[in-house]
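Q: Take a look at this one; I'll ask things after.
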Amino acid sequence: MALTKDGKLFGWGYSENGRLGEMGQSTRALSAEEYIGKTVDKYSSVMLEAVEKMVEEKIQSEDDMPIIWEPSLVHEVSRLEVSDVSCGLDHSLILCSDGIVLSGGDNTYGQLGRKAGPPELLPVGMSYRPFSMSASVGHSLALCYTTTEGTAGVETGLLSWGWNCSSQLGRSSQEDIPALVDSLSRERLVSASAGRVHSVALTSKGEVWTWGSGRNGRLGLGSSIDEAAPCLVDTLEGVEVLQVAAGMDHNLLLVAE
């Protein structure tokens with residue numbers, strides 16, 4: 001997905017499960033009766049021929065992957081101003097300027113922030129106003145304002161939901177709905193990024209916090225131990241960190257010279 005300067009959103013690529021909205025989605029499959037246009041006995045030769053034809057067409061349609069070959073406007077938000085977007089492995093998060101978050105795509109791990117539903121972009125229920133998001137393989141993060149007194153000096157928090165196999169949510173409550181990572185409630189967060197099974201966040205003081213899977217040292221804590229709650233990466237003392245980004249199984253930090 002790509003967000004333009006004036007808030008328009010374009011999407012392209014593999015569109016299965018509504019991760020690009022309605023683009024590339026097939027309409028509801030017709031019943032055999034609808035297919036032949038009349039009601040007949042289900043064991044009649046006409047009905048059997050219709051079913052056989054439908055099966056044949058279904059097999060042929062599966063040869064064509066649902067791919068959008070060039071950037072196309074995401075119709076569901078064409079009349080809205082989009083302020084942020086994040087693409088995970090199989091799902092998408094879209095933040096509108098009015099604070100509403102839309103999610104679409106695969107929901108195997110609850111990464112859409114809702115129970116099972118239709119494969120389309122739908123609002124995510126949140127108790128706080130988000131201002132930035134990060135979608136990964138099976139979990140999602142959203143930075144939010146936890147107070148309503150403007151943005152100057154306002155308190156921030158981190159919402160997480162979805163897959164929690166390695167404690168990458170940083171919390172232990174219900175996983176398929178957004179909830180605050182309480183251990184970061186005293187930090188003023190400015191950036192957060194979701195890896196495959198770990199997460200990383202940056203504070204206004206330039207401190208980096210990591211949690212989740214520690215395999216291969218991806219948390220930067222000097223070990224390969226999983227961390228269930230955010231931990232301060234204290235080896236960065238004296239380094240001014242400007243931005244953090246999580247890859248599948250590693251992190252990148254942008255620092256000042």
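Chain labels follow the order of the structure tokens: the first chain is A, the next B, and so on; residue numbering restarts at 1 in every chain, and ligands are counted from 1 in their shown order.
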Using the chain letters and numbers from this document, which residues of region 74-228 of chain A does DSSP assign to helix (DSSP H, G or I), as number ranges by chain?

A: A: 75-77, 182-184, 215-217

Q: For all heavy atoms, I'd like the residues from the last selection saved as a PDB file, in the first residue's frame.

A:
```pdb
ATOM      1  N   HIS A  75     -11.062   1.784  -2.512  1.00  0.00           N
ATOM      2  CA  HIS A  75     -12.359   2.462  -2.597  1.00  0.00           C
ATOM      3  C   HIS A  75     -12.983   2.754  -1.237  1.00  0.00           C
ATOM      4  O   HIS A  75     -13.642   3.784  -1.065  1.00  0.00           O
ATOM      5  CB  HIS A  75     -13.321   1.614  -3.436  1.00  0.00           C
ATOM      6  CG  HIS A  75     -12.853   1.381  -4.832  1.00  0.00           C
ATOM      7  ND1 HIS A  75     -12.720   2.399  -5.740  1.00  0.00           N
ATOM      8  CD2 HIS A  75     -12.454   0.245  -5.471  1.00  0.00           C
ATOM      9  CE1 HIS A  75     -12.283   1.911  -6.886  1.00  0.00           C
ATOM     10  NE2 HIS A  75     -12.103   0.610  -6.749  1.00  0.00           N
ATOM     11  N   GLU A  76     -12.785   1.874  -0.269  1.00  0.00           N
ATOM     12  CA  GLU A  76     -13.437   2.062   1.024  1.00  0.00           C
ATOM     13  C   GLU A  76     -13.024   3.350   1.712  1.00  0.00           C
ATOM     14  O   GLU A  76     -13.768   3.877   2.550  1.00  0.00           O
ATOM     15  CB  GLU A  76     -13.122   0.881   1.956  1.00  0.00           C
ATOM     16  CG  GLU A  76     -13.778  -0.428   1.545  1.00  0.00           C
ATOM     17  CD  GLU A  76     -12.916  -1.237   0.595  1.00  0.00           C
ATOM     18  OE1 GLU A  76     -12.111  -0.647  -0.169  1.00  0.00           O
ATOM     19  OE2 GLU A  76     -13.031  -2.469   0.608  1.00  0.00           O
ATOM     20  N   VAL A  77     -11.842   3.867   1.401  1.00  0.00           N
ATOM     21  CA  VAL A  77     -11.379   5.087   2.062  1.00  0.00           C
ATOM     22  C   VAL A  77     -11.177   6.236   1.063  1.00  0.00           C
ATOM     23  O   VAL A  77     -10.509   7.227   1.369  1.00  0.00           O
ATOM     24  CB  VAL A  77     -10.065   4.828   2.835  1.00  0.00           C
ATOM     25  CG1 VAL A  77     -10.312   3.865   3.982  1.00  0.00           C
ATOM     26  CG2 VAL A  77      -8.981   4.292   1.900  1.00  0.00           C
ATOM     27  N   ASP A 182       0.665  -2.386  29.712  1.00  0.00           N
ATOM     28  CA  ASP A 182       0.693  -1.593  30.940  1.00  0.00           C
ATOM     29  C   ASP A 182       2.099  -1.226  31.401  1.00  0.00           C
ATOM     30  O   ASP A 182       2.307  -0.161  31.989  1.00  0.00           O
ATOM     31  CB  ASP A 182      -0.037  -2.339  32.057  1.00  0.00           C
ATOM     32  CG  ASP A 182      -1.539  -2.398  31.839  1.00  0.00           C
ATOM     33  OD1 ASP A 182      -2.073  -1.476  31.193  1.00  0.00           O
ATOM     34  OD2 ASP A 182      -2.168  -3.366  32.290  1.00  0.00           O
ATOM     35  N   SER A 183       3.071  -2.094  31.147  1.00  0.00           N
ATOM     36  CA  SER A 183       4.424  -1.827  31.658  1.00  0.00           C
ATOM     37  C   SER A 183       5.106  -0.658  30.958  1.00  0.00           C
ATOM     38  O   SER A 183       6.167  -0.202  31.394  1.00  0.00           O
ATOM     39  CB  SER A 183       5.288  -3.084  31.529  1.00  0.00           C
ATOM     40  OG  SER A 183       5.300  -3.555  30.205  1.00  0.00           O
ATOM     41  N   LEU A 184       4.502  -0.142  29.873  1.00  0.00           N
ATOM     42  CA  LEU A 184       5.040   1.035  29.189  1.00  0.00           C
ATOM     43  C   LEU A 184       4.216   2.289  29.465  1.00  0.00           C
ATOM     44  O   LEU A 184       4.414   3.316  28.818  1.00  0.00           O
ATOM     45  CB  LEU A 184       5.089   0.786  27.672  1.00  0.00           C
ATOM     46  CG  LEU A 184       6.125  -0.229  27.182  1.00  0.00           C
ATOM     47  CD1 LEU A 184       5.940  -0.489  25.685  1.00  0.00           C
ATOM     48  CD2 LEU A 184       7.540   0.262  27.464  1.00  0.00           C
ATOM     49  N   ARG A 215      15.372 -15.029  20.471  1.00  0.00           N
ATOM     50  CA  ARG A 215      16.229 -15.922  19.688  1.00  0.00           C
ATOM     51  C   ARG A 215      17.178 -15.134  18.789  1.00  0.00           C
ATOM     52  O   ARG A 215      16.791 -14.149  18.166  1.00  0.00           O
ATOM     53  CB  ARG A 215      15.349 -16.847  18.846  1.00  0.00           C
ATOM     54  CG  ARG A 215      16.118 -17.953  18.146  1.00  0.00           C
ATOM     55  CD  ARG A 215      15.185 -18.912  17.452  1.00  0.00           C
ATOM     56  NE  ARG A 215      15.930 -19.976  16.797  1.00  0.00           N
ATOM     57  CZ  ARG A 215      15.367 -20.965  16.086  1.00  0.00           C
ATOM     58  NH1 ARG A 215      14.046 -21.020  15.969  1.00  0.00           N
ATOM     59  NH2 ARG A 215      16.121 -21.887  15.527  1.00  0.00           N
ATOM     60  N   ASN A 216      18.413 -15.595  18.705  1.00  0.00           N
ATOM     61  CA  ASN A 216      19.457 -14.962  17.889  1.00  0.00           C
ATOM     62  C   ASN A 216      19.799 -13.550  18.348  1.00  0.00           C
ATOM     63  O   ASN A 216      20.382 -12.775  17.593  1.00  0.00           O
ATOM     64  CB  ASN A 216      19.070 -14.941  16.406  1.00  0.00           C
ATOM     65  CG  ASN A 216      18.772 -16.325  15.851  1.00  0.00           C
ATOM     66  OD1 ASN A 216      17.695 -16.584  15.334  1.00  0.00           O
ATOM     67  ND2 ASN A 216      19.732 -17.235  15.977  1.00  0.00           N
ATOM     68  N   GLY A 217      19.453 -13.225  19.566  1.00  0.00           N
ATOM     69  CA  GLY A 217      19.815 -11.915  20.113  1.00  0.00           C
ATOM     70  C   GLY A 217      19.049 -10.752  19.542  1.00  0.00           C
ATOM     71  O   GLY A 217      19.493  -9.598  19.638  1.00  0.00           O
TER      72      GLY A 217
END
```

Q: I'd like to know which residues of region 147-180 of chain A are strand (DSSP E) (by DSSP, run on the backbone); could you write them as a PyMOL selection string?

A: chain A and resi 156-162+179-180

Q: To one decimal place, how far is CA of Leu80 (chain A) from CA of Val154 (chain A) in Å?

A: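 Answer for the CA of Leu80 (chain A) to CA of Val154 (chain A) separation: 25.7 Å.
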
Q: Could you name the residues that touch Ile68 (chain A) at 12 Å or less, counting only C-alpha atoms, but leaving out those on the same chain fewer than 3 positions away, as a list of chain:residue names?

A: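 Here the qualifying residues turn out to be A:Met1, A:Phe10, A:Gly11, A:Trp12, A:Gly13, A:Tyr14, A:Ser15, A:Glu16, A:Gly18, A:Arg19, A:Leu20, A:Gly21, A:Glu22, A:Met23, A:Gly24, A:Gln25, A:Asp64, A:Met65, A:Pro71, A:Ser72, A:Leu73, A:Val74.
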
Q: Which residue is closest to Trp161 (chain A)? Choose from A:Ser204, A:Gln111, A:Thr210, A:Thr147 and count only C-alpha atoms.

A: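 That would be A:Gln111, the residue with the smallest distance to Trp161 (chain A).
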
Q: For the contact check between region 53-136 of chain A and region 233-251 of chain A, emit one row per residue of region 53-136 of chain A within 10 Å, containing the shortest atom pair and the distance in Å rounded to one decimal, counting only C-alpha atoms, chain then rising number order, as CSV.

A:
```
residue,atom,partner,partner_atom,distance
A:Leu89,CA,A:Met248,CA,9.8
A:Ser134,CA,A:Ala246,CA,9.6
A:Ser136,CA,A:Met248,CA,8.0
```

Q: Please write the residues from the selection above to a file, keeping C-alpha atoms, as a compact mmCIF listing (two decimals), in the first residue's frame.

A:
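Result went into again32.txt, see below:
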```txt
# COMPACT_ATOMS: atom_id res chain seq x y z
CA LEU A 89 2.36 -10.52 6.02
CA SER A 134 2.59 -1.47 12.80
CA SER A 136 3.47 -7.90 11.29
```

Q: Name the closest residue to Ser224 (chain A) among the candidates A:Glu187, A:Leu254, A:Gly170, A:His198; distances are taken between atoms, counting only C-alpha atoms.

A: A:His198

Q: From the list A:Gly125, A:Gly222, A:Pro178, A:Gly214, which residue is nearest Leu158 (chain A) when using only C-alpha atoms?

A: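 Closest candidate: A:Pro178.
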
Q: Check the smallest atom-to-atom distance from each of A:Ser166, A:Leu221, A:Ala2, A:Ser132 to Glu70 (chain A) using only C-alpha atoms, then report the winner.

A: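 Under the stated criterion, the closest residue is A:Ala2.
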
Q: Contacts of Tyr128 (chain A) at 9 Å or less, counting only C-alpha atoms, minus same-chain residues fewer than 4 places along, as a list of chain:residue names?

A: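 The contact residues come out as A:Gly99, A:Cys144, A:Tyr145, A:Thr146, A:Thr147, A:Gly157, A:Leu159.
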
Q: Can you write out the residues you just picked, keeping N, CA and C atoms, as a CSV table (one decimal), in the first residue's frame?

A:
```csv
chain,number,residue,atom,x,y,z
A,99,GLY,N,-9.2,9.2,13.5
A,99,GLY,CA,-8.8,8.2,14.5
A,99,GLY,C,-9.4,6.8,14.4
A,144,CYS,N,-1.0,5.2,20.7
A,144,CYS,CA,-2.2,6.0,20.9
A,144,CYS,C,-2.0,7.0,22.0
A,145,TYR,N,-2.9,8.0,22.0
A,145,TYR,CA,-3.0,9.0,23.0
A,145,TYR,C,-3.9,8.5,24.1
A,146,THR,N,-3.4,8.5,25.4
A,146,THR,CA,-4.2,8.0,26.5
A,146,THR,C,-4.8,9.1,27.3
A,147,THR,N,-4.6,10.4,26.9
A,147,THR,CA,-5.3,11.5,27.5
A,147,THR,C,-5.8,12.3,26.3
A,157,GLY,N,0.4,5.7,24.9
A,157,GLY,CA,0.5,4.3,25.3
A,157,GLY,C,0.6,3.4,24.0
A,159,LEU,N,-1.0,-0.1,22.2
A,159,LEU,CA,-2.0,-1.1,22.1
A,159,LEU,C,-1.4,-2.3,21.3
```
